[in-house]
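S.K.: Please read through the structure below; I'll follow up with questions.
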Amino acid sequence: MTHSKQCRNFKRNRVTKGFFTQYFFTLILVTQGFLFGASLSHAETGLDGILLRGFGSAGAISTTEPIGLGDYGGRGTQLNLTTPLRLGLNASSKINEKLGVRGQFSASSSNSGQFTPQFDWGFVGWDAFSWLQIRGGRIIAPIWVNSQQIDVGYSYIWYRPPVEVYSLNTIRSLNGASALFQGNLGPGFLTMDLYGGEGTHSFSQNAANGSQTTVKTRDGWGVATSYSMLDESLVLGATYSQAHVEAFVDIPTEIAGAALGQEAGVSLVVPVRKRVDTTFGSFYSFSLNYEQEGFLFFSEYARRQLNGLNYPDSQGVYATLGYRIEEFTPHVTMAQNFGITGNANYHPKFPSAAVFDPAIQLNKIQSIGLGLNFMPVDSVVIKGAASKVQMAYTDTTQNFNFWVFSLVSDFVF
Amino acid sequence: MKNLNLFWPRASFVVFSTALFFCKFAFAEIKIVAGKKSALDTMTLESAKDLYLGRKLGGDGLRGLKPLDRLDSANNTRSRFYKTLMGWSVARTKAHWSQLVFTGKGDAPQSVASLQELVKRLQDDEMAIGFIAGEEDSADLKVLLKINE
């Protein structure tokens with residue numbers, strides 16, 4: 001199917017979807033999220049020896065040019081950091097005074113509309129001392145500072161953490177071990193997580209042609225630290241990690257049946273795997289968060305150093321300013337991704353472009369977003385936001401601007 | 001002359017009520033409490049902060065303590081407590097706990113629905129720690145720390 005045909009089809013779908021249907025559905029989802037969170041917020045679930053807690057998000061995100069804007073929660077193709085509908089369950093239990101088990105499952109709506117459950121992380125932790133815990137299992141990968149609970153919308157101010165920074169590496173968990181140090185140091189409190197292991201993350205690469213990307217890391221290790229002081233008002237964070245990185249793309253491809261030993265005239269669609277990158281990579285980030293007397297400031301700079309063709313060296317930064325006024329928190333976020341990012345050819349207008357097309361290279365993404373959060377009860381946040389995103393290409397005639405609108409309800413119970 | 005007669009009673013009332021108003025705040029306090037069976041007799045402000053921030057305490061008698069949160073809105077005790085102890089709103093406190101819990105780095109305090117439930121939990125569990133407002137009855141409890149608001 002040609003690009004122009006796809007665009008025409010897309011436009012036709014967009015028109016038939018209808019204004020009323022879209023916004024009515026959004027309203028229903030947000031209301032459901034709010035009611036669900038409010039009803040559960042006072043119903044802590046404590047089974048014998050097992051403590052259960054949960055989180056969720058419901059709502060809708062729309063873009064003015066939604067072709068292939070998975071990063072922004074649209075009809076996604078790429079590194080999808082958040083989906084409008086998500087539910088998660090977290091369980092912890094003590095085996096004895098020093099040994100415990102923790103785990104987390106979540107289920108989220110995919111681009112195809114299916115609700116897919118996944119095992120986020122789970123480990124056995126041994127409290128060697130009050131200041132040291134040793135863990136083994138599937139551990140959280142703290143590759144960046146402010147993205148370690150990226151699925152739990154309630155715990156951060158945005159409807160999703162800035163894509164310009166956190167799409168640089170979307171590995172969220174590793175099969176491995178870690179040592180978590182926590183204790184008072186000088187005028188503040190230090191947390192240091194030293195970890196190692198290997199991880200895999202698969203995501204929809206391209207909604208139009210159904211391709212799937214899988215990123216694998218092996219022989220990885222890293223360290224994530226944070227230091228809080230001034231009564232927790234100021235939190236400084238830093239991370240470093242490195243690993244061998246491999247990336248594959250599975251592209252559904254139509255193959256004549258005769259070539260596969262089938263009868264002539266029949267064609268089959270089979271996933272054809274292409275290795276797009278294998279390289280050594282290192283990742284580091286710095287963050288500064290400040291919150292005092294209602295005023296808040298969050299920021300993080302992140303960099304990945306890779307020599308890959310499709311996942312080359314890149315860096316991003318953002319800053320968020322906000323002010324809490326009773327139940328309301330207005331905020332503004334400026335974010336930028338410098339240098340070539342994501343797939344070199346990634347362009348929302350041409351979602352089915354060849355994976356290795358070097359003609360269209362993404363140079364920079366900039367966004368500015370305004371948001372207003374409302375907390376009707378202390379376990380539910382309703383977030384409305386509008387962001388203007390600009391994508392700049394080496395060929396400036398391909399530059400691409402669009403708006404992202406979101407209305408999301410995040411809750412914990 | 002009639003107006004002059006009313007001046008001093010009115011002025012006295014205003015001064016007296018203002019004094020009462022400030023006295024209320026001068027003596028308003030929050031108490032950190034435990035059950036009578038608790039091995040603890042006192043607690044420092046720093047330990048109380050660490051406990052409710054979800055940090056593990058390592059000192060004698062402090063290891064394994066279980067902080068309790070209150071969901072009831074009686075006397076605004078919950079919001080007053082977190083504002084007094086950490087300078088935080090309840091919302092910010094819950095956001096902090098959710099970061100701990102959902103990154104597997106720690107636990108949030110378990111919650112009780114009322115003062116009566118708090119007292120029962122403290123009496124039943126010697127490792128449990130809770131908080132009450134200064135004006136709430138602490139006769140059945142051991143007061144570990146008083147914090148002026």
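Here, A, B, ... name the chains of the structure tokens in the order displayed, residue numbers run from 1 inside each chain, and ligands are numbered from 1 in the same displayed order.
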Using only C-alpha atoms, find each residue of segment 225-307 of chain A with at least one atom at most 12 Å away from an atom of segment 174-192 of chain A; report its shortest atom-to-atom pair and that distance in Å (one decimal), sort the rows by chain and rising residue number, and return the result as JSON lines.

M.R.:
{"residue": "A:Thr225", "atom": "CA", "partner": "A:Met192", "partner_atom": "CA", "distance": 4.3}
{"residue": "A:Ser226", "atom": "CA", "partner": "A:Thr191", "partner_atom": "CA", "distance": 5.3}
{"residue": "A:Tyr227", "atom": "CA", "partner": "A:Leu190", "partner_atom": "CA", "distance": 4.6}
{"residue": "A:Ser228", "atom": "CA", "partner": "A:Phe189", "partner_atom": "CA", "distance": 5.3}
{"residue": "A:Met229", "atom": "CA", "partner": "A:Gly188", "partner_atom": "CA", "distance": 4.3}
{"residue": "A:Leu230", "atom": "CA", "partner": "A:Gly188", "partner_atom": "CA", "distance": 7.2}
{"residue": "A:Asp231", "atom": "CA", "partner": "A:Gly188", "partner_atom": "CA", "distance": 8.0}
{"residue": "A:Glu232", "atom": "CA", "partner": "A:Gly188", "partner_atom": "CA", "distance": 8.1}
{"residue": "A:Ser233", "atom": "CA", "partner": "A:Gly188", "partner_atom": "CA", "distance": 10.5}
{"residue": "A:Leu234", "atom": "CA", "partner": "A:Gly188", "partner_atom": "CA", "distance": 9.5}
{"residue": "A:Val235", "atom": "CA", "partner": "A:Gly188", "partner_atom": "CA", "distance": 9.3}
{"residue": "A:Leu236", "atom": "CA", "partner": "A:Leu190", "partner_atom": "CA", "distance": 9.7}
{"residue": "A:Gly237", "atom": "CA", "partner": "A:Thr191", "partner_atom": "CA", "distance": 9.3}
{"residue": "A:Ala238", "atom": "CA", "partner": "A:Met192", "partner_atom": "CA", "distance": 9.6}
{"residue": "A:Thr239", "atom": "CA", "partner": "A:Met192", "partner_atom": "CA", "distance": 9.5}
{"residue": "A:Tyr240", "atom": "CA", "partner": "A:Met192", "partner_atom": "CA", "distance": 11.4}
{"residue": "A:Ala243", "atom": "CA", "partner": "A:Leu174", "partner_atom": "CA", "distance": 11.4}

S.K.: Those selected residues, please, written with N, CA and C atoms and delivered as a PDB file, in the first residue's frame.

M.R.:
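Full text of result.pdb as output:
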ATOM      1  N   THR A 225      21.785   6.991  41.895  1.00  0.00           N
ATOM      2  CA  THR A 225      21.862   7.602  43.225  1.00  0.00           C
ATOM      3  C   THR A 225      20.909   8.788  43.318  1.00  0.00           C
ATOM      4  N   SER A 226      20.433   9.035  44.517  1.00  0.00           N
ATOM      5  CA  SER A 226      19.702  10.280  44.760  1.00  0.00           C
ATOM      6  C   SER A 226      20.037  10.750  46.167  1.00  0.00           C
ATOM      7  N   TYR A 227      20.079  12.041  46.342  1.00  0.00           N
ATOM      8  CA  TYR A 227      20.430  12.631  47.630  1.00  0.00           C
ATOM      9  C   TYR A 227      19.407  13.719  47.934  1.00  0.00           C
ATOM     10  N   SER A 228      18.672  13.540  49.027  1.00  0.00           N
ATOM     11  CA  SER A 228      17.646  14.532  49.381  1.00  0.00           C
ATOM     12  C   SER A 228      18.075  15.313  50.609  1.00  0.00           C
ATOM     13  N   MET A 229      17.775  16.586  50.603  1.00  0.00           N
ATOM     14  CA  MET A 229      18.158  17.430  51.739  1.00  0.00           C
ATOM     15  C   MET A 229      17.149  18.565  51.904  1.00  0.00           C
ATOM     16  N   LEU A 230      17.400  19.419  52.882  1.00  0.00           N
ATOM     17  CA  LEU A 230      16.506  20.535  53.197  1.00  0.00           C
ATOM     18  C   LEU A 230      15.088  20.017  53.416  1.00  0.00           C
ATOM     19  N   ASP A 231      14.953  19.057  54.330  1.00  0.00           N
ATOM     20  CA  ASP A 231      13.646  18.455  54.613  1.00  0.00           C
ATOM     21  C   ASP A 231      12.992  17.924  53.349  1.00  0.00           C
ATOM     22  N   GLU A 232      13.746  17.253  52.536  1.00  0.00           N
ATOM     23  CA  GLU A 232      13.236  16.614  51.314  1.00  0.00           C
ATOM     24  C   GLU A 232      12.832  17.619  50.245  1.00  0.00           C
ATOM     25  N   SER A 233      13.089  18.893  50.455  1.00  0.00           N
ATOM     26  CA  SER A 233      12.678  19.878  49.446  1.00  0.00           C
ATOM     27  C   SER A 233      13.518  19.742  48.186  1.00  0.00           C
ATOM     28  N   LEU A 234      14.787  19.462  48.381  1.00  0.00           N
ATOM     29  CA  LEU A 234      15.720  19.393  47.249  1.00  0.00           C
ATOM     30  C   LEU A 234      16.207  17.953  47.083  1.00  0.00           C
ATOM     31  N   VAL A 235      16.033  17.413  45.891  1.00  0.00           N
ATOM     32  CA  VAL A 235      16.508  16.055  45.611  1.00  0.00           C
ATOM     33  C   VAL A 235      17.383  16.093  44.366  1.00  0.00           C
ATOM     34  N   LEU A 236      18.651  15.686  44.538  1.00  0.00           N
ATOM     35  CA  LEU A 236      19.580  15.625  43.418  1.00  0.00           C
ATOM     36  C   LEU A 236      19.742  14.163  43.023  1.00  0.00           C
ATOM     37  N   GLY A 237      19.752  13.882  41.737  1.00  0.00           N
ATOM     38  CA  GLY A 237      19.870  12.495  41.304  1.00  0.00           C
ATOM     39  C   GLY A 237      20.853  12.341  40.159  1.00  0.00           C
ATOM     40  N   ALA A 238      21.429  11.153  40.050  1.00  0.00           N
ATOM     41  CA  ALA A 238      22.336  10.863  38.940  1.00  0.00           C
ATOM     42  C   ALA A 238      22.296   9.362  38.664  1.00  0.00           C
ATOM     43  N   THR A 239      22.440   8.983  37.394  1.00  0.00           N
ATOM     44  CA  THR A 239      22.496   7.567  37.044  1.00  0.00           C
ATOM     45  C   THR A 239      23.598   7.335  36.009  1.00  0.00           C
ATOM     46  N   TYR A 240      24.138   6.120  36.019  1.00  0.00           N
ATOM     47  CA  TYR A 240      25.043   5.681  34.943  1.00  0.00           C
ATOM     48  C   TYR A 240      24.781   4.199  34.706  1.00  0.00           C
ATOM     49  N   ALA A 243      25.733  -1.325  28.704  1.00  0.00           N
ATOM     50  CA  ALA A 243      25.324  -2.671  28.287  1.00  0.00           C
ATOM     51  C   ALA A 243      25.614  -2.862  26.812  1.00  0.00           C
TER      52      ALA A 243
END

S.K.: Within 8 Å of chain B, which residues of chain A show up? Give each one with its shortest atom-to-atom distance in Å (one decimal) and the two atoms involved, counting only C-alpha atoms, rows by chain then rising residue number, as JSON lines.

M.R.:
{"residue": "A:His42", "atom": "CA", "partner": "B:Leu71", "partner_atom": "CA", "distance": 7.3}
{"residue": "A:Glu44", "atom": "CA", "partner": "B:Ser111", "partner_atom": "CA", "distance": 7.3}
{"residue": "A:Asn90", "atom": "CA", "partner": "B:Phe102", "partner_atom": "CA", "distance": 7.0}
{"residue": "A:Glu97", "atom": "CA", "partner": "B:Gly64", "partner_atom": "CA", "distance": 7.8}
{"residue": "A:Arg102", "atom": "CA", "partner": "B:Gly104", "partner_atom": "CA", "distance": 6.8}
{"residue": "A:Gly103", "atom": "CA", "partner": "B:Gly104", "partner_atom": "CA", "distance": 7.9}
{"residue": "A:Gln104", "atom": "CA", "partner": "B:Phe102", "partner_atom": "CA", "distance": 7.8}
{"residue": "A:Phe129", "atom": "CA", "partner": "B:Gly58", "partner_atom": "CA", "distance": 7.9}
{"residue": "A:Ser130", "atom": "CA", "partner": "B:Gly58", "partner_atom": "CA", "distance": 5.2}
{"residue": "A:Trp131", "atom": "CA", "partner": "B:Lys56", "partner_atom": "CA", "distance": 7.4}
{"residue": "A:Ile140", "atom": "CA", "partner": "B:Thr103", "partner_atom": "CA", "distance": 6.9}
{"residue": "A:Gln148", "atom": "CA", "partner": "B:Thr103", "partner_atom": "CA", "distance": 6.3}
{"residue": "A:Gln149", "atom": "CA", "partner": "B:Thr103", "partner_atom": "CA", "distance": 5.7}
{"residue": "A:Val152", "atom": "CA", "partner": "B:Phe102", "partner_atom": "CA", "distance": 7.3}
{"residue": "A:Tyr154", "atom": "CA", "partner": "B:Ala95", "partner_atom": "CA", "distance": 6.8}
{"residue": "A:Ser155", "atom": "CA", "partner": "B:Ala95", "partner_atom": "CA", "distance": 5.0}
{"residue": "A:Tyr156", "atom": "CA", "partner": "B:Ala95", "partner_atom": "CA", "distance": 7.5}
{"residue": "A:Asp231", "atom": "CA", "partner": "B:Met86", "partner_atom": "CA", "distance": 7.0}
{"residue": "A:Asp378", "atom": "CA", "partner": "B:Ala91", "partner_atom": "CA", "distance": 5.4}
{"residue": "A:Ser379", "atom": "CA", "partner": "B:Ala91", "partner_atom": "CA", "distance": 7.6}
{"residue": "A:Val412", "atom": "CA", "partner": "B:Ser98", "partner_atom": "CA", "distance": 7.8}

S.K.: Restrict the selected residues to N, CA and C atoms and save them as a short mmCIF file (atom, residue, chain, number, x, y, z; two decimals), in the first residue's frame.

M.R.:
data_model
loop_
_atom_site.label_atom_id
_atom_site.label_comp_id
_atom_site.auth_asym_id
_atom_site.auth_seq_id
_atom_site.Cartn_x
_atom_site.Cartn_y
_atom_site.Cartn_z
N HIS A 42 -10.15 4.32 49.90
CA HIS A 42 -10.25 4.08 51.34
C HIS A 42 -10.41 2.60 51.65
N GLU A 44 -8.06 -0.11 51.63
CA GLU A 44 -6.76 -0.77 51.56
C GLU A 44 -6.95 -2.28 51.69
N ASN A 90 0.31 -4.27 42.91
CA ASN A 90 1.61 -4.41 43.56
C ASN A 90 1.41 -5.22 44.84
N GLU A 97 11.79 -11.64 59.26
CA GLU A 97 12.14 -10.25 59.58
C GLU A 97 13.05 -9.61 58.54
N ARG A 102 8.54 -8.97 46.71
CA ARG A 102 7.72 -7.90 46.14
C ARG A 102 7.54 -8.17 44.66
N GLY A 103 6.40 -7.77 44.14
CA GLY A 103 6.18 -7.92 42.70
C GLY A 103 5.10 -6.99 42.20
N GLN A 104 5.11 -6.79 40.91
CA GLN A 104 4.12 -5.89 40.32
C GLN A 104 3.70 -6.38 38.94
N PHE A 129 21.33 -5.25 56.34
CA PHE A 129 21.39 -4.27 57.43
C PHE A 129 20.23 -3.30 57.21
N SER A 130 20.04 -2.37 58.14
CA SER A 130 18.97 -1.39 57.94
C SER A 130 19.29 -0.50 56.73
N TRP A 131 20.57 -0.43 56.35
CA TRP A 131 20.98 0.46 55.26
C TRP A 131 21.30 -0.29 53.96
N ILE A 140 13.74 -3.56 38.92
CA ILE A 140 13.50 -2.33 38.16
C ILE A 140 14.84 -1.81 37.67
N GLN A 148 11.53 5.82 37.12
CA GLN A 148 11.54 4.45 37.64
C GLN A 148 10.15 3.91 37.92
N GLN A 149 9.17 4.79 38.07
CA GLN A 149 7.78 4.34 38.25
C GLN A 149 6.96 4.91 37.11
N VAL A 152 3.22 4.49 36.72
CA VAL A 152 2.33 4.94 37.80
C VAL A 152 2.11 6.44 37.65
N TYR A 154 0.05 8.46 38.86
CA TYR A 154 -0.24 9.22 40.08
C TYR A 154 1.03 9.79 40.71
N SER A 155 2.17 9.13 40.50
CA SER A 155 3.38 9.52 41.23
C SER A 155 4.14 10.67 40.55
N TYR A 156 3.71 11.10 39.37
CA TYR A 156 4.37 12.26 38.77
C TYR A 156 3.33 13.25 38.25
N ASP A 231 14.95 19.06 54.33
CA ASP A 231 13.65 18.46 54.61
C ASP A 231 12.99 17.92 53.35
N ASP A 378 -7.63 12.53 47.79
CA ASP A 378 -6.17 12.44 47.81
C ASP A 378 -5.60 11.19 47.13
N SER A 379 -6.44 10.36 46.52
CA SER A 379 -5.92 9.20 45.79
C SER A 379 -6.16 9.30 44.29
N VAL A 412 -4.47 5.74 42.75
CA VAL A 412 -3.82 4.65 43.49
C VAL A 412 -4.79 4.14 44.54
#

S.K.: Compile the contact shell of Ile129 of chain B as a list in words: residues with an atom at most 6 Å away, counting only C-alpha atoms, same-chain residues fewer than 2 positions apart removed.

M.R.: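 After dropping sequence-adjacent residues, the list is Val33, Ala34, Lys66, Pro67 and Leu68 of chain B.
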
S.K.: Could you give me, as an NGL selection string, the residues within 8 Å of segment 269-283 of chain A, counting only C-alpha atoms and dropping anything in the same chain fewer than 2 positions from it?

M.R.: :A and (143 or 239-255 or 267 or 285 or 302-311)

S.K.: Give me the residues within 10 Å of Asn75 of chain B as a PyMOL selection string, counting only C-alpha atoms and dropping any in the same chain fewer than 4 places off.

M.R.: chain B and resi 79-80+132-136

S.K.: Between atom CA of Gln212 of chain A and atom CA of Pro117 of chain A, what distance in Å does the model show, to one decimal?

M.R.: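 Interatomic distance here is 17.6 Å.
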
S.K.: Could you work out how far atom CA of Asn363 of chain A lies from atom CA of Thr394 of chain A, giving the answer in Å with one decimal?

M.R.: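 Atom CA of Asn363 of chain A lies 6.1 Å from atom CA of Thr394 of chain A.
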